[in-house]
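Here is the file target-v7.cif (mmCIF, C-alpha atoms and all ligand atoms).
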```cif
data_run
#
loop_
_atom_site.label_atom_id
_atom_site.label_comp_id
_atom_site.auth_asym_id
_atom_site.auth_seq_id
_atom_site.Cartn_x
_atom_site.Cartn_y
_atom_site.Cartn_z
CA MET Q 1 -28.12 -0.89 28.54
CA ASN Q 2 -26.76 0.23 25.15
CA LYS Q 3 -23.52 -1.49 24.21
CA PRO Q 4 -20.58 0.81 23.37
CA LYS Q 5 -20.10 1.20 19.62
CA ILE Q 6 -16.60 0.78 18.19
CA VAL Q 7 -16.28 1.92 14.57
CA ILE Q 8 -13.17 1.21 12.46
CA LEU Q 9 -12.62 3.18 9.26
CA GLY Q 10 -10.52 1.37 6.64
CA ALA Q 11 -9.84 -2.35 6.29
CA GLY Q 12 -6.21 -2.12 5.23
CA TYR Q 13 -3.39 -3.49 7.33
CA GLY Q 14 -4.16 -1.35 10.38
CA GLY Q 15 -7.95 -1.57 10.31
CA ILE Q 16 -8.47 -5.25 9.56
CA ILE Q 17 -5.87 -6.46 12.05
CA THR Q 18 -7.34 -4.23 14.79
CA SER Q 19 -10.80 -5.65 14.10
CA LYS Q 20 -9.46 -9.22 14.25
CA LYS Q 21 -7.67 -8.50 17.54
CA LEU Q 22 -10.89 -6.99 18.96
CA GLU Q 23 -12.76 -10.19 18.03
CA LYS Q 24 -10.39 -12.01 20.39
CA LEU Q 25 -10.13 -9.41 23.16
CA LEU Q 26 -13.79 -8.43 23.63
CA LYS Q 27 -16.12 -10.56 25.70
CA SER Q 28 -19.33 -11.70 24.04
CA GLY Q 29 -21.79 -8.79 23.92
CA GLU Q 30 -19.32 -6.30 25.42
CA ALA Q 31 -19.39 -3.93 22.42
CA ASP Q 32 -20.72 -3.57 18.88
CA VAL Q 33 -17.86 -3.46 16.39
CA THR Q 34 -18.35 -2.08 12.88
CA LEU Q 35 -15.68 -2.13 10.17
CA ILE Q 36 -16.20 0.24 7.22
CA ASN Q 37 -14.25 -0.03 3.98
CA LYS Q 38 -14.61 1.40 0.48
CA HIS Q 39 -14.48 -2.00 -1.20
CA GLU Q 40 -15.72 -5.42 -0.23
CA TYR Q 41 -12.16 -6.74 -0.33
CA HIS Q 42 -8.95 -6.26 1.63
CA TYR Q 43 -5.82 -6.06 -0.51
CA ILE Q 44 -2.20 -6.88 0.25
CA THR Q 45 -0.79 -3.41 -0.42
CA THR Q 46 2.81 -4.63 -0.15
CA GLN Q 47 2.20 -6.85 -3.19
CA LEU Q 48 0.33 -4.39 -5.40
CA HIS Q 49 3.30 -4.14 -7.79
CA LYS Q 50 2.51 -7.74 -8.79
CA THR Q 51 -1.04 -6.76 -9.78
CA GLY Q 52 0.39 -3.88 -11.84
CA ALA Q 53 2.73 -6.14 -13.78
CA GLY Q 54 0.27 -9.05 -13.98
CA THR Q 55 2.61 -11.42 -12.13
CA ALA Q 56 0.09 -12.51 -9.48
CA ALA Q 57 -3.51 -13.70 -9.71
CA ASP Q 58 -6.08 -11.29 -8.31
CA ARG Q 59 -7.06 -13.77 -5.61
CA GLN Q 60 -3.49 -13.66 -4.25
CA ILE Q 61 -3.68 -9.91 -3.71
CA ALA Q 62 -7.33 -9.14 -2.90
CA MET Q 63 -9.57 -11.13 -0.58
CA GLU Q 64 -13.17 -10.65 0.45
CA ILE Q 65 -13.51 -8.98 3.86
CA PRO Q 66 -16.58 -10.97 5.01
CA GLU Q 67 -14.45 -14.12 4.66
CA LEU Q 68 -11.68 -12.67 6.85
CA ILE Q 69 -13.76 -11.49 9.81
CA ASN Q 70 -16.20 -13.22 12.12
CA PRO Q 71 -19.61 -11.78 11.09
CA GLU Q 72 -21.02 -12.64 14.53
CA LYS Q 73 -18.48 -10.34 16.15
CA THR Q 74 -17.79 -7.69 13.51
CA ASN Q 75 -20.41 -5.94 11.42
CA PHE Q 76 -18.96 -5.03 7.99
CA ILE Q 77 -20.23 -2.08 5.97
CA LYS Q 78 -19.05 -1.56 2.42
CA GLY Q 79 -19.05 2.20 2.12
CA SER Q 80 -16.93 5.19 1.32
CA VAL Q 81 -16.29 7.49 4.27
CA THR Q 82 -16.72 11.18 3.41
CA GLY Q 83 -16.24 12.73 6.83
CA VAL Q 84 -16.58 12.53 10.60
CA ASP Q 85 -18.72 14.70 12.87
CA VAL Q 86 -16.76 14.70 16.11
CA LYS Q 87 -19.44 16.61 18.07
CA LYS Q 88 -22.21 14.19 17.08
CA GLN Q 89 -19.85 11.18 17.24
CA ALA Q 90 -20.93 10.13 13.76
CA VAL Q 91 -19.28 8.98 10.55
CA HIS Q 92 -20.75 10.02 7.19
CA LEU Q 93 -20.71 7.74 4.18
CA GLU Q 94 -21.02 8.63 0.51
CA ASP Q 95 -24.40 6.88 0.18
CA GLY Q 96 -25.89 9.15 2.87
CA GLN Q 97 -25.64 6.67 5.75
CA THR Q 98 -24.56 7.92 9.17
CA VAL Q 99 -22.86 5.55 11.58
CA LYS Q 100 -22.67 6.52 15.26
CA TYR Q 101 -19.66 5.66 17.40
CA ASP Q 102 -18.46 5.79 20.98
CA TYR Q 103 -14.91 4.78 20.04
CA LEU Q 104 -13.52 5.49 16.60
CA LEU Q 105 -10.41 4.19 14.85
CA ILE Q 106 -9.34 6.05 11.71
CA ALA Q 107 -7.13 3.79 9.58
CA LEU Q 108 -7.84 5.16 6.09
CA GLY Q 109 -4.30 4.75 4.78
CA PHE Q 110 -2.48 6.80 2.18
CA ASP Q 111 -2.90 8.72 -1.02
CA ILE Q 112 -0.16 9.45 -3.50
CA GLU Q 113 1.90 12.64 -3.34
CA THR Q 114 2.22 14.33 -6.75
CA PHE Q 115 4.18 17.40 -5.55
CA GLY Q 116 2.00 19.49 -7.87
CA ILE Q 117 3.95 18.34 -10.96
CA PRO Q 118 1.85 19.17 -14.04
CA GLY Q 119 0.05 16.21 -15.57
CA ILE Q 120 0.82 13.61 -12.87
CA GLU Q 121 -2.65 13.59 -11.30
CA GLU Q 122 -4.32 13.37 -14.74
CA HIS Q 123 -2.02 11.10 -16.75
CA ALA Q 124 0.26 9.06 -14.49
CA PHE Q 125 -0.71 5.61 -13.21
CA ALA Q 126 -0.53 5.40 -9.44
CA ILE Q 127 0.26 2.47 -7.18
CA ARG Q 128 -2.48 3.49 -4.78
CA SER Q 129 -4.94 0.63 -4.44
CA PHE Q 130 -5.90 -2.71 -5.97
CA ARG Q 131 -8.02 -0.90 -8.57
CA SER Q 132 -5.34 1.62 -9.48
CA THR Q 133 -2.72 -1.10 -9.98
CA LYS Q 134 -5.18 -3.17 -12.00
CA ALA Q 135 -5.46 -0.05 -14.17
CA ILE Q 136 -1.67 -0.23 -14.73
CA TYR Q 137 -1.98 -3.82 -15.90
CA ASN Q 138 -4.89 -2.93 -18.22
CA GLN Q 139 -2.87 -0.02 -19.63
CA ILE Q 140 0.07 -2.35 -20.41
CA ILE Q 141 -2.21 -4.77 -22.23
CA ARG Q 142 -3.88 -1.90 -24.12
CA GLN Q 143 -0.46 -0.60 -25.23
CA LEU Q 144 0.69 -4.03 -26.39
CA ASN Q 145 -2.49 -4.43 -28.46
CA GLN Q 146 -2.32 -0.91 -29.90
CA TYR Q 147 1.34 -1.37 -30.83
CA LYS Q 148 0.25 -4.23 -33.07
CA GLU Q 149 -2.09 -1.81 -34.87
CA ASP Q 150 0.10 1.29 -35.26
CA LYS Q 151 3.69 0.05 -34.56
CA ASP Q 152 4.25 3.20 -32.46
CA SER Q 153 7.27 2.16 -30.36
CA SER Q 154 6.55 4.75 -27.65
CA ARG Q 155 3.68 2.46 -26.60
CA LEU Q 156 6.27 -0.08 -25.51
CA THR Q 157 8.16 2.35 -23.25
CA PHE Q 158 7.17 2.01 -19.60
CA VAL Q 159 8.53 4.67 -17.26
CA VAL Q 160 8.63 4.22 -13.48
CA ALA Q 161 9.04 7.38 -11.41
CA GLY Q 162 10.63 6.88 -7.99
CA GLY Q 163 13.46 4.54 -7.05
CA GLY Q 164 12.43 3.88 -3.46
CA PHE Q 165 11.24 0.48 -2.28
CA THR Q 166 8.00 0.54 -4.25
CA GLY Q 167 9.69 1.81 -7.42
CA VAL Q 168 12.33 -0.93 -7.29
CA GLU Q 169 9.62 -3.55 -6.67
CA ILE Q 170 7.55 -2.49 -9.69
CA LEU Q 171 10.68 -2.27 -11.90
CA GLY Q 172 11.68 -5.82 -10.97
CA GLU Q 173 8.16 -7.06 -11.54
CA LEU Q 174 7.86 -5.38 -14.97
CA ALA Q 175 11.23 -6.80 -16.01
CA GLU Q 176 10.00 -10.30 -15.18
CA GLY Q 177 6.40 -9.91 -16.31
CA LEU Q 178 6.74 -8.04 -19.62
CA PRO Q 179 8.59 -10.78 -21.56
CA LYS Q 180 5.72 -13.18 -20.76
CA LEU Q 181 3.05 -10.64 -21.67
CA CYS Q 182 4.86 -9.81 -24.95
CA LYS Q 183 4.92 -13.50 -25.82
CA LYS Q 184 1.23 -13.86 -24.98
CA TYR Q 185 0.24 -10.81 -27.05
CA ASP Q 186 2.72 -11.53 -29.84
CA VAL Q 187 4.74 -8.33 -29.47
CA PRO Q 188 8.58 -8.33 -29.83
CA PHE Q 189 10.04 -7.91 -26.33
CA GLU Q 190 13.25 -6.45 -27.89
CA GLU Q 191 11.18 -3.33 -28.65
CA VAL Q 192 10.20 -2.86 -25.00
CA LYS Q 193 11.98 -0.24 -22.88
CA ILE Q 194 11.69 0.02 -19.12
CA VAL Q 195 12.92 3.33 -17.74
CA ALA Q 196 13.59 4.30 -14.10
CA VAL Q 197 13.66 7.95 -13.05
CA GLU Q 198 14.80 9.00 -9.57
CA ALA Q 199 15.55 12.47 -8.18
CA ALA Q 200 18.18 11.15 -5.72
CA PRO Q 201 21.62 10.02 -6.97
CA SER Q 202 20.66 6.32 -6.75
CA VAL Q 203 17.82 3.90 -6.17
CA ILE Q 204 17.00 3.07 -2.50
CA PRO Q 205 19.23 6.01 -1.41
CA PHE Q 206 18.49 5.40 2.30
CA PHE Q 207 20.17 1.97 2.15
CA PRO Q 208 23.85 1.00 2.66
CA LYS Q 209 26.18 1.42 -0.34
CA GLU Q 210 26.48 -2.35 -0.92
CA SER Q 211 22.68 -2.73 -1.14
CA ILE Q 212 22.45 0.18 -3.59
CA LYS Q 213 25.21 -1.37 -5.73
CA TYR Q 214 23.50 -4.77 -5.72
CA THR Q 215 20.10 -3.31 -6.63
CA THR Q 216 21.56 -1.14 -9.40
CA GLU Q 217 23.37 -4.14 -10.89
CA VAL Q 218 20.22 -6.28 -10.89
CA LEU Q 219 18.21 -3.51 -12.56
CA GLU Q 220 20.94 -2.97 -15.14
CA LYS Q 221 21.00 -6.71 -15.89
CA PHE Q 222 17.32 -6.36 -16.65
CA ASN Q 223 18.31 -3.68 -19.22
CA ILE Q 224 16.43 -0.96 -17.38
CA ASP Q 225 17.44 2.56 -18.48
CA MET Q 226 18.32 4.50 -15.34
CA TYR Q 227 17.97 8.26 -15.03
CA MET Q 228 19.29 9.08 -11.53
CA SER Q 229 19.61 12.60 -10.00
CA THR Q 230 16.83 13.54 -12.43
CA LYS Q 231 13.47 15.12 -11.70
CA ILE Q 232 10.30 14.70 -13.74
CA VAL Q 233 8.87 18.10 -14.62
CA GLU Q 234 5.77 17.17 -16.64
CA CYS Q 235 3.67 14.27 -17.83
CA THR Q 236 1.35 14.34 -20.86
CA PRO Q 237 -0.64 11.47 -22.39
CA ARG Q 238 2.20 10.89 -24.88
CA LYS Q 239 5.44 11.83 -23.09
CA VAL Q 240 7.30 12.35 -19.84
CA VAL Q 241 9.44 15.48 -19.62
CA LEU Q 242 12.56 15.37 -17.44
CA GLU Q 243 14.85 18.18 -16.29
CA ASN Q 244 17.22 19.58 -18.92
CA ASP Q 245 14.52 19.25 -21.59
CA ILE Q 246 14.85 15.49 -21.89
CA GLU Q 247 11.66 14.01 -23.31
CA ILE Q 248 10.70 10.35 -23.16
CA PRO Q 249 7.91 9.45 -25.58
CA THR Q 250 5.62 7.09 -23.67
CA CYS Q 251 1.96 6.52 -22.85
CA THR Q 252 2.69 4.94 -19.47
CA LEU Q 253 4.21 6.67 -16.48
CA ILE Q 254 3.93 4.64 -13.27
CA TRP Q 255 4.14 6.98 -10.31
CA SER Q 256 5.71 5.79 -7.07
CA CYS Q 257 7.20 8.93 -5.55
CA GLY Q 258 5.92 9.06 -2.02
CA VAL Q 259 2.67 9.07 -0.11
CA LYS Q 260 0.64 11.38 2.07
CA GLY Q 261 -2.27 10.79 4.48
CA ASN Q 262 -5.72 10.05 3.02
CA PRO Q 263 -7.26 13.49 2.22
CA ILE Q 264 -10.55 12.44 3.89
CA ILE Q 265 -8.94 13.17 7.27
CA GLN Q 266 -9.19 16.86 6.41
CA ASN Q 267 -12.99 16.44 6.74
CA CYS Q 268 -12.95 15.07 10.26
CA GLY Q 269 -12.79 18.26 12.32
CA LEU Q 270 -9.60 16.87 13.89
CA PRO Q 271 -6.11 18.36 14.11
CA VAL Q 272 -4.00 17.71 10.98
CA GLU Q 273 -0.19 18.00 10.84
CA LYS Q 274 1.85 17.37 7.69
CA GLY Q 275 -1.37 16.07 6.08
CA LYS Q 276 -1.85 13.40 8.77
CA LEU Q 277 -3.60 12.95 12.12
CA PRO Q 278 -1.13 13.59 14.94
CA ILE Q 279 -1.41 10.85 17.57
CA ASP Q 280 -0.23 10.54 21.16
CA SER Q 281 1.74 7.68 22.64
CA TYR Q 282 -1.51 5.72 23.19
CA LEU Q 283 -2.39 6.10 19.48
CA ARG Q 284 -5.24 8.51 20.20
CA VAL Q 285 -5.64 11.55 17.97
CA LYS Q 286 -4.11 14.40 19.97
CA GLY Q 287 -6.64 15.95 22.32
CA MET Q 288 -9.22 13.16 21.85
CA LYS Q 289 -10.07 10.48 24.40
CA ASN Q 290 -12.16 8.23 22.15
CA ILE Q 291 -10.64 8.66 18.67
CA PHE Q 292 -7.65 6.56 17.67
CA SER Q 293 -5.68 6.58 14.44
CA ILE Q 294 -2.99 4.26 13.09
CA GLY Q 295 -1.11 3.49 9.88
CA ASP Q 296 -0.32 5.79 6.98
CA CYS Q 297 -2.96 8.42 7.80
CA SER Q 298 -1.50 9.05 11.27
CA LEU Q 299 1.59 10.89 12.47
CA PHE Q 300 3.47 9.31 15.36
CA MET Q 301 6.52 11.19 16.66
CA LYS Q 302 9.33 8.70 17.29
CA ASP Q 303 11.27 11.44 19.05
CA GLU Q 304 11.26 15.23 18.96
CA LYS Q 305 12.14 15.46 15.27
CA ASN Q 306 11.39 12.12 13.60
CA THR Q 307 8.12 10.48 12.69
CA LEU Q 308 7.50 6.80 12.05
CA PRO Q 309 7.55 5.86 8.34
CA PRO Q 310 4.38 4.89 6.48
CA THR Q 311 4.90 1.13 6.38
CA ALA Q 312 2.81 -1.99 6.83
CA GLN Q 313 5.16 -3.02 9.62
CA VAL Q 314 4.31 0.12 11.62
CA ALA Q 315 0.56 -0.22 10.91
CA LEU Q 316 0.57 -3.84 12.11
CA HIS Q 317 2.45 -3.08 15.35
CA GLU Q 318 0.11 -0.18 15.99
CA ALA Q 319 -2.97 -2.37 15.35
CA ASP Q 320 -1.89 -4.74 18.09
CA VAL Q 321 -1.53 -1.98 20.72
CA CYS Q 322 -4.54 -0.03 19.44
CA ALA Q 323 -6.93 -2.98 19.89
CA LYS Q 324 -5.74 -3.39 23.48
CA ASN Q 325 -6.09 0.34 24.14
CA ILE Q 326 -9.62 0.53 22.73
CA VAL Q 327 -10.65 -2.34 25.03
CA ALA Q 328 -8.86 -0.71 28.00
CA ALA Q 329 -10.58 2.60 27.25
CA LEU Q 330 -14.07 1.10 27.18
CA ARG Q 331 -13.40 -0.91 30.36
CA GLY Q 332 -12.02 2.18 32.12
CA GLY Q 333 -8.56 0.59 32.41
CA SER Q 334 -5.15 2.10 31.75
CA LEU Q 335 -3.80 2.39 28.22
CA LYS Q 336 -0.45 1.05 27.00
CA ALA Q 337 2.09 3.40 25.41
CA PHE Q 338 3.12 2.35 21.90
CA GLU Q 339 6.79 1.55 21.33
CA TYR Q 340 8.04 0.71 17.88
CA HIS Q 341 10.80 -1.83 17.32
CA HIS Q 342 11.88 -1.96 13.71
CA LYS Q 343 12.46 -5.55 12.58
CA GLY Q 344 13.90 -4.76 9.17
CA SER Q 345 12.75 -4.31 5.60
CA VAL Q 346 13.10 -6.27 2.40
CA ALA Q 347 12.25 -5.12 -1.14
CA SER Q 348 11.79 -7.63 -3.93
CA ILE Q 349 13.37 -7.13 -7.37
CA GLY Q 350 11.25 -9.65 -9.23
CA ASN Q 351 10.79 -13.17 -7.87
CA PHE Q 352 14.40 -14.25 -7.62
CA ALA Q 353 16.21 -11.25 -6.13
CA ALA Q 354 15.59 -8.92 -3.22
CA VAL Q 355 17.48 -6.53 -1.03
CA GLY Q 356 17.06 -5.52 2.57
CA LYS Q 357 18.19 -5.37 6.14
CA VAL Q 358 16.94 -7.50 9.02
CA GLY Q 359 18.39 -6.54 12.40
CA ASN Q 360 22.08 -5.92 11.72
CA PHE Q 361 22.15 -8.23 8.73
CA ARG Q 362 22.24 -6.95 5.21
CA LEU Q 363 20.42 -9.30 2.83
CA SER Q 364 20.50 -9.62 -0.93
CA GLY Q 365 19.88 -12.17 -3.67
CA LEU Q 366 17.82 -15.32 -3.61
CA PHE Q 367 17.89 -15.67 0.18
CA ALA Q 368 16.49 -12.15 0.54
CA ALA Q 369 13.78 -13.06 -2.01
CA PHE Q 370 12.92 -16.08 0.14
CA MET Q 371 12.77 -13.88 3.27
CA LYS Q 372 10.36 -11.57 1.48
CA GLN Q 373 8.06 -14.54 0.80
CA VAL Q 374 8.30 -15.56 4.47
CA ILE Q 375 7.32 -12.04 5.59
CA GLU Q 376 4.30 -12.05 3.25
CA ALA Q 377 3.27 -15.56 4.36
CA ARG Q 378 3.48 -14.49 8.03
CA TYR Q 379 1.01 -11.72 7.35
CA LEU Q 380 -1.46 -14.12 5.71
CA LEU Q 381 -1.03 -16.49 8.66
CA ASN Q 382 -1.84 -13.66 11.05
CA LEU Q 383 -4.83 -12.63 8.95
CA GLY Q 384 -6.50 -15.96 8.31
CA GLY Q 385 -4.35 -18.87 9.47
CA PRO Q 386 -2.80 -21.62 7.30
CA SER Q 387 -6.07 -22.14 5.40
CA LEU Q 388 -5.82 -18.60 3.99
CA ILE Q 389 -2.29 -19.24 2.69
CA ILE Q 390 -3.48 -22.42 0.97
CA LYS Q 391 -6.57 -20.72 -0.44
CA GLN Q 392 -4.67 -17.70 -1.71
CA HIS Q 393 -2.08 -19.77 -3.49
CA PHE Q 394 -4.00 -22.79 -4.68
CA GLY Q 395 -7.69 -22.12 -4.20
CA VAL Q 396 -10.31 -20.58 -6.40
CA SER Q 397 -12.10 -17.49 -5.17
CA LYS Q 398 -14.19 -14.78 -6.78
CA GLU Q 399 -11.99 -12.26 -8.62
CA PRO Q 400 -12.79 -8.79 -7.25
CA VAL Q 401 -13.28 -6.08 -9.84
P1 LIG K 501 -3.94 0.77 3.82
O1 LIG K 501 -3.36 -0.59 3.87
O2 LIG K 501 -3.70 1.62 2.64
O3 LIG K 501 -5.52 0.63 4.06
C1 LIG K 501 -6.41 1.70 3.99
C2 LIG K 501 -7.78 1.14 3.73
O4 LIG K 501 -8.72 2.20 3.79
C3 LIG K 501 -7.94 0.49 2.35
O5 LIG K 501 -8.59 -0.74 2.47
C4 LIG K 501 -8.80 1.49 1.58
O6 LIG K 501 -9.63 0.89 0.60
C5 LIG K 501 -9.63 2.08 2.71
N1 LIG K 501 -10.14 3.42 2.40
C6 LIG K 501 -9.46 4.46 1.88
N2 LIG K 501 -10.28 5.53 1.76
C7 LIG K 501 -11.48 5.15 2.22
C8 LIG K 501 -12.73 5.80 2.36
N3 LIG K 501 -12.90 7.07 2.01
N4 LIG K 501 -13.76 5.11 2.88
C9 LIG K 501 -13.61 3.80 3.26
N5 LIG K 501 -12.46 3.13 3.15
C10 LIG K 501 -11.40 3.80 2.64
N6 LIG K 501 5.36 -1.55 3.87
C11 LIG K 501 6.16 -2.44 4.52
O7 LIG K 501 6.24 -2.41 5.76
N7 LIG K 501 6.91 -3.35 3.82
C12 LIG K 501 6.87 -3.46 2.46
O8 LIG K 501 7.55 -4.30 1.86
C13 LIG K 501 6.02 -2.56 1.76
N8 LIG K 501 5.89 -2.66 0.42
C14 LIG K 501 5.00 -1.85 -0.24
C15 LIG K 501 4.83 -2.03 -1.62
C16 LIG K 501 3.91 -1.25 -2.30
C17 LIG K 501 3.70 -1.48 -3.77
C18 LIG K 501 3.16 -0.25 -1.61
C19 LIG K 501 2.15 0.61 -2.34
C20 LIG K 501 3.33 -0.06 -0.24
C21 LIG K 501 4.25 -0.86 0.46
N9 LIG K 501 4.42 -0.72 1.85
C22 LIG K 501 5.26 -1.59 2.52
C23 LIG K 501 3.66 0.29 2.62
C24 LIG K 501 2.39 -0.33 3.22
O9 LIG K 501 1.66 -1.03 2.27
C25 LIG K 501 1.51 0.73 3.87
O10 LIG K 501 2.29 1.43 4.81
C26 LIG K 501 0.30 0.07 4.57
O11 LIG K 501 -0.58 -0.44 3.60
C27 LIG K 501 -0.42 1.07 5.48
O12 LIG K 501 -1.51 0.43 6.08
P2 LIG K 501 -2.83 1.25 6.45
O13 LIG K 501 -3.73 0.31 7.20
O14 LIG K 501 -2.48 2.54 7.09
O15 LIG K 501 -3.48 1.64 5.06
#
```
Write the structure described by the file as structure tokens, please.
Ligand code: FAD
Amino acid sequence: MNKPKIVILGAGYGGIITSKKLEKLLKSGEADVTLINKHEYHYITTQLHKTGAGTAADRQIAMEIPELINPEKTNFIKGSVTGVDVKKQAVHLEDGQTVKYDYLLIALGFDIETFGIPGIEEHAFAIRSFRSTKAIYNQIIRQLNQYKEDKDSSRLTFVVAGGGFTGVEILGELAEGLPKLCKKYDVPFEEVKIVAVEAAPSVIPFFPKESIKYTTEVLEKFNIDMYMSTKIVECTPRKVVLENDIEIPTCTLIWSCGVKGNPIIQNCGLPVEKGKLPIDSYLRVKGMKNIFSIGDCSLFMKDEKNTLPPTAQVALHEADVCAKNIVAALRGGSLKAFEYHHKGSVASIGNFAAVGKVGNFRLSGLFAAFMKQVIEARYLLNLGGPSLIIKQHFGVSKEPV
């Protein structure tokens, strides 16, 4: 008898953790599991700001998927998904391959939201993936080198758009990383300007007043120029234009102003709401019995009006329930409804400061920075056990490109 085929699209937080849970839950020979991802490596999205600022080695952020899964239980295909044929129960890949499924999990993550602002798509640097943040780092190095040739000070102005969690994390990382890079490339750090632009009246506007005050003070101590309540209206290769005709000469705009579902989901013949796949309480795409979706490309209604946020925390909780539900579905058992319990969130501002809320406790400072490290270490532990933590921090592995 043919074994049921489970196909997982995307090896980010949601996809890789589901595949690892399936390795444990499925009996030997019970199903064929295939994991498909664009690149051969899984990256720690929550740490991408470090890649952008060059404050972490590549091996700490990106790790080879075949080393994270059990190849005897999960078949890995490196390939870019271009669409899904629901009627034929098949996934199409860019190289022309077709992969058949009985149960499908779509966990293709996010893309950046540009709000149609002229020049963002073409000229801004996005925190989207390992590659895109590596491009930020390469741009910084290029600008430092070119400044030595032409002494054009606009090359040393680095603008970050968006003062949410990701924006604050990249600002903190740039403030810590740029002095070291300037020293290495023999460029005067005094000439460097880091600029933050946010449309809301403050950074992390959804946080309590005390956290906003703390974060603002840390960023100001780093000498970051803050433009709050200000929208970006245009980006060109040589400047960023703000409201009220303010122009900032720069070659580097780092864009961190919100995310939307991966556009590939539009090619799946499935319902799409607010750019994402609407899912039911069992994490199945609405109206589908054998197609699940989790993480940033899915839309889960917390209640009548509110959806769950696109966070790693949500994707990881969903992965746990989704793996169980896929197994229950193929065994003809009953599925478990997903309930989300928010544990808290912490944003780093460089290595020595962070801000956040865990349960009812507001955290800031060095202790918060330590908590952030603990959260990241817990993920690695979940992903590959203590040996992965040791390898990521002290070991030598191939640097993905
Ligand atoms: P992803 O992790 O984005 O994974 C999607 C995967 O699909 C990727 O491996 C990608 O390569 C692959 N893929 C995409 N398109 C294709 C294709 N066409 N074919 C094949 N494969 C494809 N969340 C928190 O909870 N806490 C934090 O502190 C936090 N910090 C963050 C900091 C930064 C800088 C960023 C960018 C995000 C942060 N987030 C944080 C959000 C969190 O990272 C995301 O919510 C999480 O990554 C979503 O997981 P996912 O599995 O849905 O998607």
Which residue gives the smallest distance to Gly116 in chain Q among Q:Val241, Q:Cys235, Q:Ile326, Q:Pro271, with all atoms listed in the file counted?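 Using all atoms listed in the file, the shortest distance to Gly116 in chain Q belongs to Q:Cys235.
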Pick out the residues sitting within 6 Å of range 198-206 of chain Q, and hand them over as a PDB file with C-alpha atoms, in the coordinates of the input; count all atoms listed in the file, and ignore anything fewer than 3 positions along from it in its own chain.
```
ATOM      1  CA  GLY Q 162      10.630   6.880  -7.990  1.00  0.00           C
ATOM      2  CA  GLY Q 163      13.460   4.540  -7.050  1.00  0.00           C
ATOM      3  CA  GLY Q 164      12.430   3.880  -3.460  1.00  0.00           C
ATOM      4  CA  MET Q 228      19.290   9.080 -11.530  1.00  0.00           C
ATOM      5  CA  SER Q 229      19.610  12.600 -10.000  1.00  0.00           C
ATOM      6  CA  THR Q 230      16.830  13.540 -12.430  1.00  0.00           C
ATOM      7  CA  LYS Q 231      13.470  15.120 -11.700  1.00  0.00           C
TER       8      LYS Q 231
END
```
With the cut-off set at 6 Å and counting only C-alpha atoms and all ligand atoms, tabulate each residue of chain Q with an atom at most that distance from an atom of ligand LIG 501 (chain K), showing the nearest atom pair and its distance in Å to one decimal, ordered by chain and increasing number, as CSV.
```
residue,atom,partner,partner_atom,distance
Q:Gly10,CA,K:LIG501,O4,3.5
Q:Ala11,CA,K:LIG501,O5,4.3
Q:Gly12,CA,K:LIG501,O3,3.1
Q:Tyr13,CA,K:LIG501,O13,3.8
Q:Gly14,CA,K:LIG501,O13,3.6
Q:Gly15,CA,K:LIG501,O13,5.6
Q:Ile36,CA,K:LIG501,C9,5.9
Q:Asn37,CA,K:LIG501,N5,3.7
Q:Lys38,CA,K:LIG501,C9,3.8
Q:His39,CA,K:LIG501,O6,5.9
Q:His42,CA,K:LIG501,O5,5.6
Q:Thr45,CA,K:LIG501,O9,4.3
Q:Thr46,CA,K:LIG501,C14,3.5
Q:Gln47,CA,K:LIG501,C17,5.6
Q:Leu48,CA,K:LIG501,C17,4.7
Q:His49,CA,K:LIG501,C17,4.8
Q:Gly79,CA,K:LIG501,C9,5.8
Q:Ser80,CA,K:LIG501,N4,3.5
Q:Val81,CA,K:LIG501,N4,3.7
Q:Thr82,CA,K:LIG501,N3,5.8
Q:Ala107,CA,K:LIG501,O13,5.4
Q:Leu108,CA,K:LIG501,O4,3.9
Q:Gly109,CA,K:LIG501,O15,3.2
Q:Phe110,CA,K:LIG501,O2,5.3
Q:Ile127,CA,K:LIG501,C19,5.5
Q:Arg128,CA,K:LIG501,C19,6.0
Q:Thr166,CA,K:LIG501,C17,4.8
Q:Gly295,CA,K:LIG501,O14,3.3
Q:Asp296,CA,K:LIG501,O14,3.9
Q:Cys297,CA,K:LIG501,O14,5.9
Q:Pro310,CA,K:LIG501,O10,4.4
Q:Thr311,CA,K:LIG501,O10,3.1
Q:Ala312,CA,K:LIG501,O7,3.6
Q:Gln313,CA,K:LIG501,O7,4.1
Q:Ala315,CA,K:LIG501,O12,5.3
Q:Val346,CA,K:LIG501,O8,5.9
Q:Ala347,CA,K:LIG501,O8,5.6
```
Would you be able to write out as a PyMOL selection string which residues have an atom within 7 Å of (20.1, -5.3, -5.9) in the file's coordinates, counting all atoms listed in the file? chain Q and resi 211-218+354-355+364
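Nearest to Val91 in chain Q of all the residues Q:Ile291, Q:Ile16, Q:Ile136, Q:Ala31 is Q:Ile291, counting all atoms listed in the file.
Proximity to Leu171 in chain Q at 8 Å, evaluated using all atoms listed in the file and with sequence-adjacent residues fewer than 4 positions away removed, yields Val160, Gly167, Ala175, Ile194, Ala196, Leu219, Ile349 and Gly350 of chain Q.
By only C-alpha atoms, and with residues fewer than 6 positions from range 132-134 of chain Q along its chain excluded, the set lying at most 7 Å from it is Leu48, Thr51, Gly52 and Ala126 of chain Q.
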Using the selection just defined, write its residues with C-alpha atoms as a CSV table (one decimal), keeping the file's coordinate frame.
```csv
chain,number,residue,atom,x,y,z
Q,48,LEU,CA,0.3,-4.4,-5.4
Q,51,THR,CA,-1.0,-6.8,-9.8
Q,52,GLY,CA,0.4,-3.9,-11.8
Q,126,ALA,CA,-0.5,5.4,-9.4
```
